[in-house]
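Undergrad: My structure is below; once you've seen it, I'll send some questions.
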Amino acid sequence: MKLSFIGSGYVGLTTGACFASLGHHIICQDIDEQKIRKLKKGECTIFEPGLEDLLKNGLASGNIEFTTNIKRTIRESEIIFICVNTPPKEDGHADLRFVERVARDIARYLDEYKIIVDKSTVPIRTAEKVKETIERYSDKKVNFDVVSNPEFLREGNAIFDILNPDRVVIGAENERSKNTMLRLYKTIIKDKKIPIKITSVKSAELIKHGANTFLAAKISFANLIAEVCENAQADASEVLEAIGLDERIGTQFLRPGIGFGGSCFPKDIKAFKKTLEVFGVNHSFIDAIESINNRASERFIKKIEKMLWVLDGKSICVLGLAFKPNTDDIRNAPALKVIKYLKDNGAKIRVHDPVAMPKVKNIFSDILYFENPYEAISGSEALIMCTEWDEYKKLDMKKLFALMVTPIIFDGRNLFNRNEAKKLGFKYHGVGKQ
Ligand code: NAD
């Protein structure tokens with residue numbers, strides 16, 4: 001099928017590359033000329049395991065092409081996926097100006113029946129607005145359908161998630177658009193047992209915000225347990241593991257840490273809160289999720305400050321900058337909050353991350369960046385673990401001990417073996433335990 005993806009970021013690019021690998025013809029479009037120039041040359045603009053190969057194969061087979069030309073993109077595709085960013089406005093509402101701009105572009109160039117799919121995460125009733133906008137700005141009477149098809153990929157695992165989703169949600173209002181979307185997704189599902197939920201457009205829009213709010217709630221619940229465990233000298237990991245063994249609850253996302261970040265959870269729960277407000281529903285549930293999440297990073301920072309007493313002049317190493325492993329995405333990464341506080345209080349910061357450092361360099365120019373974690377740790381008075389990259393699990397603890405001036409670990413992800421660290425002589429501070 002001929003598909004286009006408007007917005008070639010984490011979602012548009014990875015989804016486009018996956019559909020290209022299945023033999024569809026893909027146009028990935030973006031307004032960012034530099035991004036498109038790089039992609040045309042096969043250069044990945046984001047770090048996502050497996051993406052580079054898909055991109056190279058797609059370009060070689062001619063199944064994927066990149067352009068800034070919106071007219072061609074719209075005219076030459078049967079299904080148009082809107083994958084632009086929907087950042088939060090200052091008041092928490094989703095900023096839908098990029099979605100609206102795409103709807104206006106579609107109105108301008110629509111010349112025959114197309115399906116327009118909203119893949120960006122948007123509040124309930126956005127599809128209605130997209131439809132209205134296209135009708136309002138179009139001078140021809142062309143038939144089209146707007147479908148909601150929320151994306152559930154996890155950065156760092158995106159290729160696998162797109163090709164092996166837990167479920168596919170298609171919010172469609174008529175048989176024609178529903179059947180075309182089913183035909184497309186059959187090429188992903190094949191004979192795998194993947195549930196497809198066909199819903200109304202509004203339900204589909206709500207499913208994405210609902211799912212992200214629930215996941216964020218699980219993380220905040222884990223951090224609430226961590227808080228009480230730290231005060232009462234219990235062990236949150238033990239408590240949460242046992243809670244999660246109840247099949248109704250499950251162990252995933254029940255780990256204490258320094259709070260969730262990234263481009264999705266913080267903005268999506270804010271947007272959902274605004275949706276609740278618009279529909280007259282109390283949002284104290286979401287207020288609690290946010291407040292626990294903020295406390296998680298603040299508690300961690302206070303713990304560091306309390307233990308180190310004076311931060312001014314201290315050499316502190318931070319390992320892991322991305323908001324989670326296997327991605328270079330640093331949007332709302334807890335590491336940035338930690339670094340900012342320590343830096344503002346006079347600490348000298350040394351950092352390492354396997355892939356996210358180039359992005360952080362645009363934010364902090366006055367910290368030291370190292371290509372090797374051991375070099376970053378060398379001579380430091382404390383080690384702060386912010387992102388649980390696999391390569392950090394394999395660090396030689398004896399070597400770390402020898403390299404540090406004062407061997408103190410603040411492990412925001414409970415990545416190290418606490419007993420081993422203590423046995424080696426480290427002062428070790430995890431999350432959710434004393
Ligand atoms: P992103 O910022 O990585 O990419 C968005 C792209 O859209 C950018 O390249 C930008 O230049 C482009 N763009 C903006 N306006 C445009 C326009 N008018 N025409 C063409 N291109 C335009 O964002 P993302 O992380 O890919 O997220 C996109 C949407 O998908 C968001 O709504 C997000 O909430 C949702 N989502 C993201 C993830 C994720 O893990 N990143 C997962 C599921 C859903």
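In the structure tokens, each chain is lettered A, B, ... as it comes, each chain's residues begin at 1, and ligands are numbered from 1 in order of appearance.
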Just list the residues in segment 32-189 of chain A DSSP gives strand (DSSP E) on the backbone, as a ChimeraX atom specification.

TA: /A:64-67,79-82,114-118,144-148,168-171

Undergrad: I need the residues in segment 360-424 of chain A that are helix (DSSP H, G or I) according to DSSP; give them as a PyMOL selection string.

TA: chain A and resi 360-361+373-377+390-393+397-403+418-424

Undergrad: Can you work out the spacing between atom CA of Ile198 of chain A and atom CA of Ala211 of chain A in Å, to one decimal?

TA: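 Distance reported for this atom pair: 16.2 Å.
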
Undergrad: Name all residues at most 10 Å from Leu51 of chain A (count only C-alpha atoms; drop same-chain ones fewer than 5 positions away) and give them as JSON, numbers by chain.

TA: {"A": [13, 14, 15, 17, 18, 44, 45, 46, 56, 57, 158, 159]}

Undergrad: Let's have the selection written as a compact mmCIF listing (two decimals), in the first residue's frame, with N, CA and C atoms.

TA:
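And here's result17.txt as it stands now:
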# COMPACT_ATOMS: atom_id res chain seq x y z
N LEU A 13 9.17 8.07 11.80
CA LEU A 13 10.31 7.43 11.15
C LEU A 13 10.34 5.92 11.42
N THR A 14 10.16 5.55 12.69
CA THR A 14 10.23 4.11 13.02
C THR A 14 9.05 3.35 12.40
N THR A 15 7.87 3.94 12.46
CA THR A 15 6.70 3.24 11.90
C THR A 15 6.83 3.15 10.38
N ALA A 17 9.59 3.10 8.64
CA ALA A 17 10.64 2.14 8.30
C ALA A 17 10.13 0.70 8.47
N CYS A 18 9.31 0.47 9.49
CA CYS A 18 8.77 -0.88 9.70
C CYS A 18 7.81 -1.26 8.58
N CYS A 44 20.69 7.98 10.35
CA CYS A 44 19.62 7.95 11.34
C CYS A 44 19.63 9.26 12.14
N THR A 45 18.48 9.85 12.33
CA THR A 45 18.41 11.10 13.08
C THR A 45 18.09 10.86 14.55
N ILE A 46 17.76 9.61 14.89
CA ILE A 46 17.54 9.25 16.29
C ILE A 46 18.26 7.93 16.56
N LYS A 56 18.40 1.64 5.85
CA LYS A 56 19.30 1.35 4.70
C LYS A 56 18.60 0.41 3.72
N ASN A 57 17.97 -0.66 4.25
CA ASN A 57 17.27 -1.61 3.36
C ASN A 57 16.12 -0.93 2.63
N ALA A 158 11.28 0.16 19.88
CA ALA A 158 10.21 0.58 18.96
C ALA A 158 9.99 -0.39 17.80
N ILE A 159 11.08 -0.89 17.20
CA ILE A 159 10.92 -1.74 16.02
C ILE A 159 10.16 -3.02 16.40

Undergrad: Can you tell me which residues sit at most 6 Å away from ligand 1, counting only C-alpha atoms and all ligand atoms, written as a PDB file with all heavy atoms, in the first residue's frame?

TA:
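selection_0.pdb, freshly written:
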ATOM      1  N   ILE A   6       3.489  11.949   8.063  1.00  0.00           N
ATOM      2  CA  ILE A   6       3.803  13.381   8.162  1.00  0.00           C
ATOM      3  C   ILE A   6       4.340  13.618   9.570  1.00  0.00           C
ATOM      4  O   ILE A   6       3.639  13.412  10.563  1.00  0.00           O
ATOM      5  CB  ILE A   6       2.561  14.247   7.871  1.00  0.00           C
ATOM      6  CG1 ILE A   6       2.051  13.930   6.466  1.00  0.00           C
ATOM      7  CG2 ILE A   6       2.894  15.723   8.046  1.00  0.00           C
ATOM      8  CD1 ILE A   6       0.915  14.792   5.986  1.00  0.00           C
ATOM      9  N   GLY A   7       5.611  14.023   9.627  1.00  0.00           N
ATOM     10  CA  GLY A   7       6.341  14.081  10.898  1.00  0.00           C
ATOM     11  C   GLY A   7       7.217  12.847  10.966  1.00  0.00           C
ATOM     12  O   GLY A   7       6.713  11.732  11.151  1.00  0.00           O
ATOM     13  N   SER A   8       8.540  13.043  10.758  1.00  0.00           N
ATOM     14  CA  SER A   8       9.454  11.891  10.722  1.00  0.00           C
ATOM     15  C   SER A   8      10.335  11.864  11.962  1.00  0.00           C
ATOM     16  O   SER A   8      11.565  11.868  11.876  1.00  0.00           O
ATOM     17  CB  SER A   8      10.309  11.952   9.451  1.00  0.00           C
ATOM     18  OG  SER A   8       9.485  11.971   8.325  1.00  0.00           O
ATOM     19  N   GLY A   9       9.685  11.878  13.123  1.00  0.00           N
ATOM     20  CA  GLY A   9      10.425  11.801  14.391  1.00  0.00           C
ATOM     21  C   GLY A   9      10.427  10.377  14.904  1.00  0.00           C
ATOM     22  O   GLY A   9      10.403   9.421  14.122  1.00  0.00           O
ATOM     23  N   TYR A  10      10.419  10.213  16.220  1.00  0.00           N
ATOM     24  CA  TYR A  10      10.500   8.877  16.820  1.00  0.00           C
ATOM     25  C   TYR A  10       9.370   7.972  16.298  1.00  0.00           C
ATOM     26  O   TYR A  10       9.591   6.812  15.999  1.00  0.00           O
ATOM     27  CB  TYR A  10      10.430   8.972  18.350  1.00  0.00           C
ATOM     28  CG  TYR A  10      11.735   9.442  18.951  1.00  0.00           C
ATOM     29  CD1 TYR A  10      11.996  10.799  19.131  1.00  0.00           C
ATOM     30  CD2 TYR A  10      12.724   8.538  19.301  1.00  0.00           C
ATOM     31  CE1 TYR A  10      13.199  11.235  19.641  1.00  0.00           C
ATOM     32  CE2 TYR A  10      13.931   8.957  19.823  1.00  0.00           C
ATOM     33  CZ  TYR A  10      14.168  10.310  19.995  1.00  0.00           C
ATOM     34  OH  TYR A  10      15.370  10.731  20.486  1.00  0.00           O
ATOM     35  N   VAL A  11       8.181   8.506  16.174  1.00  0.00           N
ATOM     36  CA  VAL A  11       7.050   7.665  15.756  1.00  0.00           C
ATOM     37  C   VAL A  11       6.983   7.524  14.237  1.00  0.00           C
ATOM     38  O   VAL A  11       6.937   6.410  13.706  1.00  0.00           O
ATOM     39  CB  VAL A  11       5.721   8.234  16.317  1.00  0.00           C
ATOM     40  CG1 VAL A  11       4.518   7.556  15.693  1.00  0.00           C
ATOM     41  CG2 VAL A  11       5.682   8.056  17.824  1.00  0.00           C
ATOM     42  N   GLY A  12       6.988   8.641  13.513  1.00  0.00           N
ATOM     43  CA  GLY A  12       6.827   8.597  12.060  1.00  0.00           C
ATOM     44  C   GLY A  12       7.937   7.819  11.377  1.00  0.00           C
ATOM     45  O   GLY A  12       7.679   6.984  10.500  1.00  0.00           O
ATOM     46  N   GLN A  29       7.590  12.366   5.500  1.00  0.00           N
ATOM     47  CA  GLN A  29       7.707  13.797   5.225  1.00  0.00           C
ATOM     48  C   GLN A  29       7.989  14.526   6.533  1.00  0.00           C
ATOM     49  O   GLN A  29       7.602  14.069   7.612  1.00  0.00           O
ATOM     50  CB  GLN A  29       6.383  14.277   4.585  1.00  0.00           C
ATOM     51  CG  GLN A  29       6.384  15.689   4.038  1.00  0.00           C
ATOM     52  CD  GLN A  29       5.994  16.732   5.081  1.00  0.00           C
ATOM     53  OE1 GLN A  29       5.608  16.395   6.199  1.00  0.00           O
ATOM     54  NE2 GLN A  29       6.091  18.002   4.726  1.00  0.00           N
ATOM     55  N   ASP A  30       8.672  15.652   6.439  1.00  0.00           N
ATOM     56  CA  ASP A  30       8.891  16.489   7.623  1.00  0.00           C
ATOM     57  C   ASP A  30       9.157  17.920   7.164  1.00  0.00           C
ATOM     58  O   ASP A  30       9.599  18.143   6.034  1.00  0.00           O
ATOM     59  CB  ASP A  30      10.094  15.974   8.435  1.00  0.00           C
ATOM     60  CG  ASP A  30       9.988  16.329   9.910  1.00  0.00           C
ATOM     61  OD1 ASP A  30      10.153  17.532  10.246  1.00  0.00           O
ATOM     62  OD2 ASP A  30       9.698  15.431  10.720  1.00  0.00           O
ATOM     63  N   ILE A  31       8.887  18.881   8.062  1.00  0.00           N
ATOM     64  CA  ILE A  31       9.201  20.276   7.717  1.00  0.00           C
ATOM     65  C   ILE A  31      10.661  20.601   8.015  1.00  0.00           C
ATOM     66  O   ILE A  31      11.170  21.634   7.610  1.00  0.00           O
ATOM     67  CB  ILE A  31       8.308  21.302   8.475  1.00  0.00           C
ATOM     68  CG1 ILE A  31       8.157  20.882   9.940  1.00  0.00           C
ATOM     69  CG2 ILE A  31       6.972  21.494   7.805  1.00  0.00           C
ATOM     70  CD1 ILE A  31       7.537  21.958  10.805  1.00  0.00           C
ATOM     71  N   ASP A  32      11.319  19.704   8.742  1.00  0.00           N
ATOM     72  CA  ASP A  32      12.715  19.934   9.132  1.00  0.00           C
ATOM     73  C   ASP A  32      13.629  19.474   7.981  1.00  0.00           C
ATOM     74  O   ASP A  32      13.875  18.282   7.793  1.00  0.00           O
ATOM     75  CB  ASP A  32      12.984  19.136  10.419  1.00  0.00           C
ATOM     76  CG  ASP A  32      14.385  19.363  10.957  1.00  0.00           C
ATOM     77  OD1 ASP A  32      15.280  19.718  10.174  1.00  0.00           O
ATOM     78  OD2 ASP A  32      14.576  19.162  12.171  1.00  0.00           O
ATOM     79  N   CYS A  83       1.914  12.196  12.335  1.00  0.00           N
ATOM     80  CA  CYS A  83       2.825  11.762  13.415  1.00  0.00           C
ATOM     81  C   CYS A  83       3.601  12.953  13.978  1.00  0.00           C
ATOM     82  O   CYS A  83       4.749  12.804  14.399  1.00  0.00           O
ATOM     83  CB  CYS A  83       3.821  10.737  12.880  1.00  0.00           C
ATOM     84  SG  CYS A  83       3.048   9.277  12.180  1.00  0.00           S
ATOM     85  N   VAL A  84       2.994  14.133  13.940  1.00  0.00           N
ATOM     86  CA  VAL A  84       3.727  15.316  14.426  1.00  0.00           C
ATOM     87  C   VAL A  84       3.682  15.363  15.950  1.00  0.00           C
ATOM     88  O   VAL A  84       2.879  14.679  16.593  1.00  0.00           O
ATOM     89  CB  VAL A  84       3.140  16.618  13.828  1.00  0.00           C
ATOM     90  CG1 VAL A  84       3.324  16.638  12.319  1.00  0.00           C
ATOM     91  CG2 VAL A  84       1.669  16.771  14.194  1.00  0.00           C
ATOM     92  N   ASN A  85       4.539  16.201  16.499  1.00  0.00           N
ATOM     93  CA  ASN A  85       4.602  16.333  17.953  1.00  0.00           C
ATOM     94  C   ASN A  85       3.387  17.081  18.497  1.00  0.00           C
ATOM     95  O   ASN A  85       2.826  17.939  17.819  1.00  0.00           O
ATOM     96  CB  ASN A  85       5.912  17.002  18.390  1.00  0.00           C
ATOM     97  CG  ASN A  85       6.382  18.081  17.440  1.00  0.00           C
ATOM     98  OD1 ASN A  85       6.121  18.028  16.251  1.00  0.00           O
ATOM     99  ND2 ASN A  85       7.045  19.074  17.969  1.00  0.00           N
ATOM    100  N   THR A  86       3.012  16.719  19.726  1.00  0.00           N
ATOM    101  CA  THR A  86       1.875  17.372  20.392  1.00  0.00           C
ATOM    102  C   THR A  86       2.334  17.780  21.800  1.00  0.00           C
ATOM    103  O   THR A  86       1.897  17.199  22.792  1.00  0.00           O
ATOM    104  CB  THR A  86       0.671  16.407  20.482  1.00  0.00           C
ATOM    105  OG1 THR A  86       1.137  15.134  21.009  1.00  0.00           O
ATOM    106  CG2 THR A  86       0.040  16.164  19.141  1.00  0.00           C
ATOM    107  N   PHE A  98       0.536  21.900  15.533  1.00  0.00           N
ATOM    108  CA  PHE A  98       1.198  21.163  14.438  1.00  0.00           C
ATOM    109  C   PHE A  98       0.199  20.237  13.742  1.00  0.00           C
ATOM    110  O   PHE A  98       0.233  20.074  12.534  1.00  0.00           O
ATOM    111  CB  PHE A  98       2.397  20.363  14.970  1.00  0.00           C
ATOM    112  CG  PHE A  98       3.371  21.225  15.732  1.00  0.00           C
ATOM    113  CD1 PHE A  98       3.504  21.114  17.109  1.00  0.00           C
ATOM    114  CD2 PHE A  98       4.138  22.176  15.072  1.00  0.00           C
ATOM    115  CE1 PHE A  98       4.383  21.922  17.809  1.00  0.00           C
ATOM    116  CE2 PHE A  98       5.025  22.991  15.761  1.00  0.00           C
ATOM    117  CZ  PHE A  98       5.148  22.870  17.136  1.00  0.00           C
ATOM    118  N   ARG A 101      -1.919  22.405  11.545  1.00  0.00           N
ATOM    119  CA  ARG A 101      -1.194  22.819  10.328  1.00  0.00           C
ATOM    120  C   ARG A 101      -1.233  21.685   9.287  1.00  0.00           C
ATOM    121  O   ARG A 101      -1.443  21.930   8.104  1.00  0.00           O
ATOM    122  CB  ARG A 101       0.233  23.203  10.711  1.00  0.00           C
ATOM    123  CG  ARG A 101       1.226  23.098   9.616  1.00  0.00           C
ATOM    124  CD  ARG A 101       1.910  24.407   9.260  1.00  0.00           C
ATOM    125  NE  ARG A 101       2.629  24.234   8.017  1.00  0.00           N
ATOM    126  CZ  ARG A 101       3.920  24.435   7.875  1.00  0.00           C
ATOM    127  NH1 ARG A 101       4.640  24.839   8.904  1.00  0.00           N
ATOM    128  NH2 ARG A 101       4.495  24.264   6.712  1.00  0.00           N
ATOM    129  N   VAL A 102      -1.065  20.453   9.763  1.00  0.00           N
ATOM    130  CA  VAL A 102      -1.105  19.313   8.837  1.00  0.00           C
ATOM    131  C   VAL A 102      -2.511  19.197   8.239  1.00  0.00           C
ATOM    132  O   VAL A 102      -2.671  18.981   7.029  1.00  0.00           O
ATOM    133  CB  VAL A 102      -0.693  17.993   9.543  1.00  0.00           C
ATOM    134  CG1 VAL A 102      -0.870  16.802   8.614  1.00  0.00           C
ATOM    135  CG2 VAL A 102       0.744  18.069  10.024  1.00  0.00           C
ATOM    136  N   SER A 120      -0.470  10.660  16.201  1.00  0.00           N
ATOM    137  CA  SER A 120       0.015  11.486  17.311  1.00  0.00           C
ATOM    138  C   SER A 120      -0.911  11.264  18.500  1.00  0.00           C
ATOM    139  O   SER A 120      -2.091  10.954  18.327  1.00  0.00           O
ATOM    140  CB  SER A 120      -0.031  12.967  16.937  1.00  0.00           C
ATOM    141  OG  SER A 120       0.887  13.256  15.918  1.00  0.00           O
ATOM    142  N   THR A 121      -0.371  11.442  19.694  1.00  0.00           N
ATOM    143  CA  THR A 121      -1.217  11.313  20.891  1.00  0.00           C
ATOM    144  C   THR A 121      -1.968  12.624  21.093  1.00  0.00           C
ATOM    145  O   THR A 121      -1.346  13.673  21.259  1.00  0.00           O
ATOM    146  CB  THR A 121      -0.350  10.991  22.118  1.00  0.00           C
ATOM    147  OG1 THR A 121       0.351   9.783  21.844  1.00  0.00           O
ATOM    148  CG2 THR A 121      -1.192  10.838  23.370  1.00  0.00           C
ATOM    149  N   GLU A 151      -0.495   5.112  18.953  1.00  0.00           N
ATOM    150  CA  GLU A 151       0.751   4.357  18.899  1.00  0.00           C
ATOM    151  C   GLU A 151       1.200   4.023  20.325  1.00  0.00           C
ATOM    152  O   GLU A 151       1.203   4.881  21.189  1.00  0.00           O
ATOM    153  CB  GLU A 151       1.826   5.202  18.184  1.00  0.00           C
ATOM    154  CG  GLU A 151       3.159   4.517  18.045  1.00  0.00           C
ATOM    155  CD  GLU A 151       3.016   3.114  17.451  1.00  0.00           C
ATOM    156  OE1 GLU A 151       2.522   2.982  16.327  1.00  0.00           O
ATOM    157  OE2 GLU A 151       3.388   2.139  18.142  1.00  0.00           O
ATOM    158  N   PHE A 152       1.598   2.750  20.525  1.00  0.00           N
ATOM    159  CA  PHE A 152       1.989   2.324  21.874  1.00  0.00           C
ATOM    160  C   PHE A 152       3.461   1.935  21.949  1.00  0.00           C
ATOM    161  O   PHE A 152       3.883   1.319  22.930  1.00  0.00           O
ATOM    162  CB  PHE A 152       1.122   1.138  22.322  1.00  0.00           C
ATOM    163  CG  PHE A 152      -0.350   1.466  22.367  1.00  0.00           C
ATOM    164  CD1 PHE A 152      -1.199   1.066  21.353  1.00  0.00           C
ATOM    165  CD2 PHE A 152      -0.881   2.213  23.420  1.00  0.00           C
ATOM    166  CE1 PHE A 152      -2.559   1.375  21.379  1.00  0.00           C
ATOM    167  CE2 PHE A 152      -2.236   2.530  23.454  1.00  0.00           C
ATOM    168  CZ  PHE A 152      -3.077   2.114  22.432  1.00  0.00           C
ATOM    169  N   LEU A 153       4.244   2.245  20.911  1.00  0.00           N
ATOM    170  CA  LEU A 153       5.650   1.814  20.914  1.00  0.00           C
ATOM    171  C   LEU A 153       6.395   2.383  22.114  1.00  0.00           C
ATOM    172  O   LEU A 153       6.051   3.450  22.630  1.00  0.00           O
ATOM    173  CB  LEU A 153       6.353   2.244  19.616  1.00  0.00           C
ATOM    174  CG  LEU A 153       6.599   3.735  19.354  1.00  0.00           C
ATOM    175  CD1 LEU A 153       7.831   4.270  20.063  1.00  0.00           C
ATOM    176  CD2 LEU A 153       6.724   3.970  17.869  1.00  0.00           C
ATOM    177  N   ARG A 154       7.400   1.601  22.544  1.00  0.00           N
ATOM    178  CA  ARG A 154       8.284   2.102  23.598  1.00  0.00           C
ATOM    179  C   ARG A 154       9.608   2.460  22.949  1.00  0.00           C
ATOM    180  O   ARG A 154      10.189   1.631  22.245  1.00  0.00           O
ATOM    181  CB  ARG A 154       8.535   1.019  24.663  1.00  0.00           C
ATOM    182  CG  ARG A 154       7.314   0.606  25.430  1.00  0.00           C
ATOM    183  CD  ARG A 154       7.538  -0.726  26.119  1.00  0.00           C
ATOM    184  NE  ARG A 154       7.725  -1.788  25.142  1.00  0.00           N
ATOM    185  CZ  ARG A 154       8.101  -3.046  25.442  1.00  0.00           C
ATOM    186  NH1 ARG A 154       8.332  -3.387  26.695  1.00  0.00           N
ATOM    187  NH2 ARG A 154       8.237  -3.959  24.507  1.00  0.00           N
ATOM    188  N   GLU A 155      10.067   3.694  23.168  1.00  0.00           N
ATOM    189  CA  GLU A 155      11.378   4.057  22.620  1.00  0.00           C
ATOM    190  C   GLU A 155      12.412   3.073  23.148  1.00  0.00           C
ATOM    191  O   GLU A 155      12.342   2.647  24.298  1.00  0.00           O
ATOM    192  CB  GLU A 155      11.746   5.488  23.026  1.00  0.00           C
ATOM    193  CG  GLU A 155      10.995   6.516  22.211  1.00  0.00           C
ATOM    194  CD  GLU A 155      11.283   7.947  22.645  1.00  0.00           C
ATOM    195  OE1 GLU A 155      12.304   8.195  23.311  1.00  0.00           O
ATOM    196  OE2 GLU A 155      10.460   8.823  22.319  1.00  0.00           O
ATOM    197  N   CYS A 264       6.519  11.355  26.716  1.00  0.00           N
ATOM    198  CA  CYS A 264       5.106  10.950  26.702  1.00  0.00           C
ATOM    199  C   CYS A 264       4.391  11.074  28.052  1.00  0.00           C
ATOM    200  O   CYS A 264       3.447  11.852  28.178  1.00  0.00           O
ATOM    201  CB  CYS A 264       4.983   9.531  26.174  1.00  0.00           C
ATOM    202  SG  CYS A 264       5.381   9.450  24.417  1.00  0.00           S
TER     203      CYS A 264
END

Undergrad: Would you mind telling me which residue in A:Phe260, A:Trp309, A:Tyr341, A:Phe279 lies nearest to Asn294 of chain A when using only C-alpha atoms?

TA: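 That would be A:Phe260, the residue with the smallest distance to Asn294 of chain A.
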
Undergrad: Would you pick out the contacts of Ile207 of chain A at 12 Å or less, using only C-alpha atoms, so that residues sharing its chain but fewer than 3 positions from it are not included, and give the list as a list in words?

TA: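 In the requested format, the answer is Thr121, Val122, Pro123, Ile124, Ser148, Asn149, Pro150, Glu151, Phe152, Arg167, Val168, Val169, Ile170, Gly171, Lys197, Ile198, Thr199, Ser200, Val201, Lys202, Ser203, Ala204, Gly210, Ala211, Asn212, Thr213, Phe214, Asp268 and Phe272 of chain A.
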
Undergrad: Between A:Ala127, A:Ala402, A:Met385, A:Ile194, which has the minimum distance to Val431 of chain A (counting only C-alpha atoms)?

TA: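 Using only C-alpha atoms, Val431 of chain A sits closest to A:Met385.
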
Undergrad: Any idea what's packed within 7 Å of segment 132-135 of chain A, counting only C-alpha atoms, ignoring anything in its chain fewer than 6 positions away? Could you give it as a PDB file with all heavy atoms, in the first residue's frame?

TA:
ATOM      1  N   ALA A 103      -3.532  19.369   9.068  1.00  0.00           N
ATOM      2  CA  ALA A 103      -4.919  19.279   8.572  1.00  0.00           C
ATOM      3  C   ALA A 103      -5.146  20.331   7.474  1.00  0.00           C
ATOM      4  O   ALA A 103      -5.791  20.056   6.451  1.00  0.00           O
ATOM      5  CB  ALA A 103      -5.897  19.471   9.721  1.00  0.00           C
ATOM      6  N   ARG A 104      -4.577  21.526   7.676  1.00  0.00           N
ATOM      7  CA  ARG A 104      -4.745  22.583   6.669  1.00  0.00           C
ATOM      8  C   ARG A 104      -3.996  22.234   5.387  1.00  0.00           C
ATOM      9  O   ARG A 104      -4.478  22.492   4.283  1.00  0.00           O
ATOM     10  CB  ARG A 104      -4.274  23.919   7.235  1.00  0.00           C
ATOM     11  CG  ARG A 104      -5.259  24.421   8.283  1.00  0.00           C
ATOM     12  CD  ARG A 104      -4.742  25.570   9.069  1.00  0.00           C
ATOM     13  NE  ARG A 104      -4.547  26.745   8.232  1.00  0.00           N
ATOM     14  CZ  ARG A 104      -4.464  27.977   8.709  1.00  0.00           C
ATOM     15  NH1 ARG A 104      -4.582  28.184  10.012  1.00  0.00           N
ATOM     16  NH2 ARG A 104      -4.261  28.986   7.916  1.00  0.00           N
ATOM     17  N   ILE A 106      -3.429  19.227   4.346  1.00  0.00           N
ATOM     18  CA  ILE A 106      -4.206  18.164   3.688  1.00  0.00           C
ATOM     19  C   ILE A 106      -5.382  18.790   2.923  1.00  0.00           C
ATOM     20  O   ILE A 106      -5.650  18.449   1.775  1.00  0.00           O
ATOM     21  CB  ILE A 106      -4.681  17.108   4.722  1.00  0.00           C
ATOM     22  CG1 ILE A 106      -3.468  16.351   5.292  1.00  0.00           C
ATOM     23  CG2 ILE A 106      -5.676  16.128   4.096  1.00  0.00           C
ATOM     24  CD1 ILE A 106      -3.770  15.406   6.434  1.00  0.00           C
ATOM     25  N   ALA A 107      -6.046  19.746   3.574  1.00  0.00           N
ATOM     26  CA  ALA A 107      -7.192  20.405   2.924  1.00  0.00           C
ATOM     27  C   ALA A 107      -6.767  21.018   1.592  1.00  0.00           C
ATOM     28  O   ALA A 107      -7.494  20.941   0.598  1.00  0.00           O
ATOM     29  CB  ALA A 107      -7.737  21.494   3.845  1.00  0.00           C
TER      30      ALA A 107
END

Undergrad: Record the distance separating atom CA of Val147 of chain A and atom CA of Glu100 of chain A, expressed in Å with one decimal.

TA: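 Atom CA of Val147 of chain A sits 15.2 Å away from atom CA of Glu100 of chain A.
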
Undergrad: Once you count only C-alpha atoms, what closest atom pair and distance in Å to one decimal does each residue of segment 98-178 of chain A within 8 Å of segment 69-78 of chain A have, with rows by chain and rising residue number, as a tab-separated table?

TA:
residue	atom	partner	partner_atom	distance
A:Asp105	CA	A:Ile70	CA	7.3
A:Ile106	CA	A:Ile74	CA	6.5
A:Tyr109	CA	A:Lys71	CA	5.8
A:Leu110	CA	A:Arg75	CA	6.6
A:Asp111	CA	A:Arg75	CA	7.0
A:Tyr113	CA	A:Glu78	CA	7.8
A:Lys114	CA	A:Glu78	CA	5.3
A:Ile115	CA	A:Glu78	CA	6.5

Undergrad: Dump C-alpha atoms for the selected residues as an mmCIF file, in the first residue's frame?

TA:
data_model
loop_
_atom_site.group_PDB
_atom_site.id
_atom_site.type_symbol
_atom_site.label_atom_id
_atom_site.label_comp_id
_atom_site.auth_asym_id
_atom_site.auth_seq_id
_atom_site.Cartn_x
_atom_site.Cartn_y
_atom_site.Cartn_z
ATOM 1 C CA ASP A 105 -2.050 21.209 4.349
ATOM 2 C CA ILE A 106 -4.206 18.164 3.688
ATOM 3 C CA TYR A 109 -3.878 19.274 -1.590
ATOM 4 C CA LEU A 110 -6.561 16.633 -1.130
ATOM 5 C CA ASP A 111 -7.763 15.625 -4.580
ATOM 6 C CA TYR A 113 -10.486 9.867 -1.301
ATOM 7 C CA LYS A 114 -7.843 9.338 1.416
ATOM 8 C CA ILE A 115 -7.759 8.009 4.928
#

Undergrad: Can you pull out every residue within 12 Å of Asp91 of chain A, counting only C-alpha atoms, but drop anything in the same chain fewer than 5 positions away, and send it as a VMD selection string?

TA: chain A and resid 267 270 to 271 273 to 274 277

Undergrad: A:Phe323, A:Phe221, A:Phe19, A:Phe300: which is nearest Thr187 of chain A, counting only C-alpha atoms?

TA: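 For Thr187 of chain A, the nearest of the candidates is A:Phe19.
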
Undergrad: Quick check, in Å to one decimal: how far apart do atom CA of Ile409 of chain A and atom CA of Asp390 of chain A lie?

TA: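 Between these atoms lies a distance of 17.4 Å.
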
Undergrad: Given only C-alpha atoms as the basis, pick out the residue of A:Ile225, A:Val351, A:Cys317, A:Leu215 nearest to Pro407 of chain A.

TA: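 Residue with the minimum atom-to-atom distance to Pro407 of chain A: A:Cys317.
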
Undergrad: A:Arg108, A:Asp53, A:Lys193, A:Asp287: which is nearest Tyr137 of chain A, counting only C-alpha atoms?

TA: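 Nearest to Tyr137 of chain A: A:Arg108.
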